[in-house]
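A.B. asks: PDB, C-alpha atoms, file model22.pdb:
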ATOM      1  CA  MET O 326     147.432 -96.059 -71.269
ATOM      2  CA  ARG O 327     150.015 -98.837 -71.171
ATOM      3  CA  SER O 328     153.649 -97.773 -70.948
ATOM      4  CA  ALA O 329     156.131 -98.914 -73.536
ATOM      5  CA  PRO O 330     158.136-102.011 -72.539
ATOM      6  CA  ASP O 331     161.332 -99.916 -72.630
ATOM      7  CA  ASP O 332     159.860 -97.515 -70.060
ATOM      8  CA  ILE O 333     158.884-100.431 -67.826
ATOM      9  CA  THR O 334     162.348-101.975 -68.261
ATOM     10  CA  GLU O 335     163.945 -98.725 -67.070
ATOM     11  CA  THR O 336     161.572 -98.554 -64.117
ATOM     12  CA  LEU O 337     162.277-102.161 -63.139
ATOM     13  CA  ALA O 338     166.024-101.498 -63.253
ATOM     14  CA  GLY O 339     165.562 -98.954 -60.459
ATOM     15  CA  LEU O 340     163.704-101.314 -58.104
ATOM     16  CA  ALA O 341     165.562-103.319 -55.465
ATOM     17  CA  ILE O 342     163.951-106.684 -56.235
ATOM     18  CA  PHE O 343     165.195-106.488 -59.835
ATOM     19  CA  ALA O 344     168.633-105.007 -59.078
ATOM     20  CA  ASP O 345     170.543-108.192 -59.981
ATOM     21  CA  LEU O 346     169.026-108.660 -63.442
ATOM     22  CA  SER O 347     170.769-107.945 -66.724
ATOM     23  CA  ARG O 348     169.148-105.735 -69.359
ATOM     24  CA  PRO O 349     167.863-108.749 -71.390
ATOM     25  CA  GLU O 350     166.430-110.282 -68.202
ATOM     26  CA  LEU O 351     164.730-106.994 -67.308
ATOM     27  CA  GLU O 352     163.235-106.802 -70.801
ATOM     28  CA  ARG O 353     161.895-110.351 -70.486
ATOM     29  CA  VAL O 354     160.348-109.539 -67.092
ATOM     30  CA  ALA O 355     158.838-106.313 -68.468
ATOM     31  CA  HIS O 356     156.989-108.357 -71.095
ATOM     32  CA  THR O 357     155.750-110.808 -68.430
ATOM     33  CA  LEU O 358     154.061-108.287 -66.120
ATOM     34  CA  GLU O 359     150.816-106.406 -66.775
ATOM     35  CA  GLU O 360     150.430-102.750 -65.952
ATOM     36  CA  ARG O 361     147.470-101.865 -63.705
ATOM     37  CA  TYR O 362     146.125 -98.521 -62.518
ATOM     38  CA  PHE O 363     143.951 -97.859 -59.467
ATOM     39  CA  ALA O 364     142.203 -94.621 -58.568
ATOM     40  CA  GLN O 365     142.552 -93.063 -55.131
ATOM     41  CA  ASP O 366     140.433 -94.985 -52.600
ATOM     42  CA  GLU O 367     140.055 -97.954 -54.966
ATOM     43  CA  ARG O 368     140.463-101.355 -53.327
ATOM     44  CA  VAL O 369     143.083-103.541 -55.012
ATOM     45  CA  LEU O 370     142.756-106.614 -52.767
ATOM     46  CA  ARG O 371     139.958-107.474 -50.347
ATOM     47  CA  GLN O 372     140.707-109.061 -46.977
ATOM     48  CA  GLY O 373     139.370-112.589 -46.746
ATOM     49  CA  LEU O 374     137.758-112.557 -50.182
ATOM     50  CA  SER O 375     139.956-112.062 -53.198
ATOM     51  CA  GLY O 376     143.593-112.075 -54.047
ATOM     52  CA  SER O 377     144.969-113.669 -57.115
ATOM     53  CA  GLY O 378     147.988-111.650 -58.064
ATOM     54  CA  PHE O 379     151.441-110.380 -57.183
ATOM     55  CA  TYR O 380     151.647-106.581 -57.412
ATOM     56  CA  ILE O 381     154.676-104.277 -57.535
ATOM     57  CA  VAL O 382     154.101-100.575 -56.852
ATOM     58  CA  LEU O 383     155.637 -98.303 -59.486
ATOM     59  CA  GLU O 384     153.977 -95.015 -58.548
ATOM     60  CA  GLY O 385     151.571 -93.809 -55.911
ATOM     61  CA  GLU O 386     150.751 -95.182 -52.519
ATOM     62  CA  ALA O 387     148.516 -97.809 -50.957
ATOM     63  CA  ALA O 388     147.553 -98.745 -47.434
ATOM     64  CA  ALA O 389     147.297-102.252 -46.046
ATOM     65  CA  LEU O 390     144.290-102.411 -43.711
ATOM     66  CA  ALA O 391     143.775-105.457 -41.480
ATOM     67  CA  ASP O 392     140.317-105.474 -39.913
ATOM     68  CA  GLY O 393     140.042-101.783 -40.816
ATOM     69  CA  ARG O 394     143.301-100.820 -39.045
ATOM     70  CA  ARG O 395     146.223 -99.471 -41.087
ATOM     71  CA  VAL O 396     149.133-101.884 -40.706
ATOM     72  CA  ASN O 397     151.401-100.741 -43.518
ATOM     73  CA  VAL O 398     151.901 -98.123 -46.216
ATOM     74  CA  LEU O 399     153.180 -99.270 -49.590
ATOM     75  CA  GLY O 400     155.062 -97.103 -52.055
ATOM     76  CA  ARG O 401     157.410 -97.342 -55.028
ATOM     77  CA  GLY O 402     159.247-100.659 -55.094
ATOM     78  CA  ASP O 403     157.046-102.328 -52.497
ATOM     79  CA  PHE O 404     155.071-105.403 -53.436
ATOM     80  CA  PHE O 405     152.005-107.219 -52.137
ATOM     81  CA  GLY O 406     149.740-110.168 -52.811
ATOM     82  CA  GLU O 407     152.566-112.704 -52.805
ATOM     83  CA  ILE O 408     151.682-114.300 -49.481
ATOM     84  CA  SER O 409     148.080-115.115 -50.395
ATOM     85  CA  VAL O 410     149.214-116.455 -53.777
ATOM     86  CA  LEU O 411     152.025-118.578 -52.343
ATOM     87  CA  LEU O 412     149.830-119.985 -49.564
ATOM     88  CA  GLY O 413     146.710-120.324 -51.701
ATOM     89  CA  GLU O 414     144.725-118.324 -49.156
ATOM     90  CA  ALA O 415     142.686-115.150 -49.180
ATOM     91  CA  PRO O 416     144.522-111.919 -48.306
ATOM     92  CA  VAL O 417     144.804-111.050 -44.614
ATOM     93  CA  ALA O 418     144.433-107.323 -45.367
ATOM     94  CA  ASP O 419     142.693-104.937 -47.719
ATOM     95  CA  ILE O 420     145.015-103.053 -50.032
ATOM     96  CA  VAL O 421     143.546 -99.630 -50.856
ATOM     97  CA  ALA O 422     145.085 -96.940 -53.046
ATOM     98  CA  THR O 423     145.601 -93.835 -50.912
ATOM     99  CA  ARG O 424     146.823 -91.935 -53.977
ATOM    100  CA  PRO O 425     146.478 -92.884 -57.643
ATOM    101  CA  LEU O 426     148.403 -96.135 -57.939
ATOM    102  CA  ARG O 427     150.356 -97.611 -60.838
ATOM    103  CA  CYS O 428     151.425-101.227 -60.434
ATOM    104  CA  LEU O 429     152.798-104.128 -62.356
ATOM    105  CA  MET O 430     150.871-107.339 -61.788
ATOM    106  CA  LEU O 431     151.538-110.989 -62.333
ATOM    107  CA  ALA O 432     148.570-113.360 -62.185
ATOM    108  CA  GLY O 433     148.769-115.705 -59.224
ATOM    109  CA  ASP O 434     148.819-118.850 -61.340
ATOM    110  CA  ARG O 435     152.017-117.582 -63.020
ATOM    111  CA  LEU O 436     153.934-116.591 -59.874
ATOM    112  CA  GLU O 437     155.537-119.965 -59.112
ATOM    113  CA  GLU O 438     156.983-120.317 -62.616
ATOM    114  CA  PHE O 439     158.106-116.670 -62.571
ATOM    115  CA  LEU O 440     160.002-117.189 -59.303
ATOM    116  CA  LYS O 441     161.578-120.437 -60.519
ATOM    117  CA  SER O 442     162.755-118.814 -63.737
ATOM    118  CA  ASN O 443     164.051-115.695 -61.921
ATOM    119  CA  PRO O 444     165.961-117.041 -58.897
ATOM    120  CA  ARG O 445     167.675-113.716 -58.155
ATOM    121  CA  VAL O 446     164.289-111.975 -57.979
ATOM    122  CA  CYS O 447     163.023-114.807 -55.795
ATOM    123  CA  TYR O 448     165.988-114.304 -53.462
ATOM    124  CA  ARG O 449     165.378-110.535 -53.243
ATOM    125  CA  ILE O 450     161.708-111.168 -52.427
ATOM    126  CA  LEU O 451     162.750-113.676 -49.768
ATOM    127  CA  GLN O 452     165.092-111.069 -48.252
ATOM    128  CA  ALA O 453     162.279-108.510 -48.174
ATOM    129  CA  GLU O 454     159.950-111.029 -46.503
ATOM    130  CA  ALA O 455     162.640-111.807 -43.904
ATOM    131  CA  ARG O 456     162.955-108.068 -43.146
ATOM    132  CA  LYS O 457     159.171-107.790 -42.731
ATOM    133  CA  LEU O 458     159.166-110.744 -40.334
ATOM    134  CA  ARG O 459     162.107-109.345 -38.361
ATOM    135  CA  ASN O 460     160.429-105.959 -38.038
ATOM    136  CA  ALA O 461     157.103-107.501 -37.008
ATOM    137  CA  THR O 462     158.900-109.603 -34.411
ATOM    138  CA  ARG O 463     160.689-106.529 -33.023
ATOM    139  CA  ARG O 464     157.393-104.645 -32.743
ATOM    140  CA  SER O 465     155.707-107.486 -30.885
ATOM    141  CA  THR O 466     158.433-107.862 -28.235
TER     142      THR O 466
END
When written as structure tokens, how does the structure in this file appear?

C.D. replies:
Amino acid sequence: MRSAPDDITETLAGLAIFADLSRPELERVAHTLEERYFAQDERVLRQGLSGSGFYIVLEGEAAALADGRRVNVLGRGDFFGEISVLLGEAPVADIVATRPLRCLMLAGDRLEEFLKSNPRVCYRILQAEARKLRNATRRST
């Protein structure tokens, strides 16, 4: 049940990390990413064991669970998996669909080239990571 590339292009246009891209750039990105679906309660990533992709949530909701404790809720426009891919390490949390989940996924071995060829997306991801770090730092003080 794969969506048409035009539908994915329109969806990407509405997400913050792709806000700076032109229509042709969005179309190129839409053809680069794979659509993935996860049923409610299905595990997408497993803490300490597997994690080989960068995921962007299009629809639904997922929970990040570190050592069984909910540490984050992910919804439309949020992304996950990038840290384990960039560091070459296993995920530090489980990602579990709390509602049926529709994502776009980029295989981990393609992430570096994707970020290099899409510097504005890379910058938006970096901004989002900086916000996460700032918020985590505020919570711990």

A.B. asks: Write out as JSON lines the residues of range 398-429 of chain O that have any atom within 12 Å of an atom of range 337-358 of chain O, one row each with the nearest atom pair and its distance in Å to one decimal, counting only C-alpha atoms, sorted by chain and then rising number.

C.D. replies:
{"residue": "O:Gly400", "atom": "CA", "partner": "O:Leu340", "partner_atom": "CA", "distance": 11.4}
{"residue": "O:Arg401", "atom": "CA", "partner": "O:Leu340", "partner_atom": "CA", "distance": 8.1}
{"residue": "O:Gly402", "atom": "CA", "partner": "O:Leu340", "partner_atom": "CA", "distance": 5.4}
{"residue": "O:Asp403", "atom": "CA", "partner": "O:Leu340", "partner_atom": "CA", "distance": 8.8}
{"residue": "O:Phe404", "atom": "CA", "partner": "O:Ile342", "partner_atom": "CA", "distance": 9.4}
{"residue": "O:Cys428", "atom": "CA", "partner": "O:Leu358", "partner_atom": "CA", "distance": 9.4}
{"residue": "O:Leu429", "atom": "CA", "partner": "O:Leu358", "partner_atom": "CA", "distance": 5.7}

A.B. asks: To one decimal place, how far is CA of Tyr362 in chain O from CA of Arg427 in chain O in Å?

C.D. replies: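 We find that CA of Tyr362 in chain O and CA of Arg427 in chain O lie 4.6 Å from each other.
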
A.B. asks: Can you list what the PyMOL selection byres ((chain O and resi 391-398) around 10) grabs from this structure, as a list in words?

C.D. replies: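 When the PyMOL selection byres ((chain O and resi 391-398) around 10) is applied to the shown file, the picked residues are Arg371, Gln372, Gly373, Glu386, Ala387, Ala388, Ala389, Leu390, Leu399, Gly400, Asp403, Pro416, Val417, Ala418, Asp419, Ile420, Val421, Ala422 and Thr423 of chain O.
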
A.B. asks: Pull out every residue that the PyMOL selection byres ((chain O and resi 434) around 12) matches in the shown coordinates and put them as a PyMOL selection string.

C.D. replies: chain O and resi 376-379+407+409-413+430-433+435-440

A.B. asks: For CA of Glu367 in chain O and CA of Pro425 in chain O, quote the distance in Å rounded to one decimal.

C.D. replies: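 Rounded to one decimal, the two atoms are 8.6 Å apart.
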
A.B. asks: Kindly indicate which residue among O:Ala415, O:Ile450, O:Leu383, O:Gly406 lies nearest to Thr334 in chain O, using all atoms listed in the file for the distances.

C.D. replies: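 With all atoms listed in the file as the atom set, the closest residue is O:Leu383.
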
A.B. asks: Between CA of Arg424 in chain O and CA of Arg361 in chain O, what is the distance in Å, rounded to a tenth?

C.D. replies: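 Separating CA of Arg424 in chain O from CA of Arg361 in chain O is a distance of 13.9 Å.
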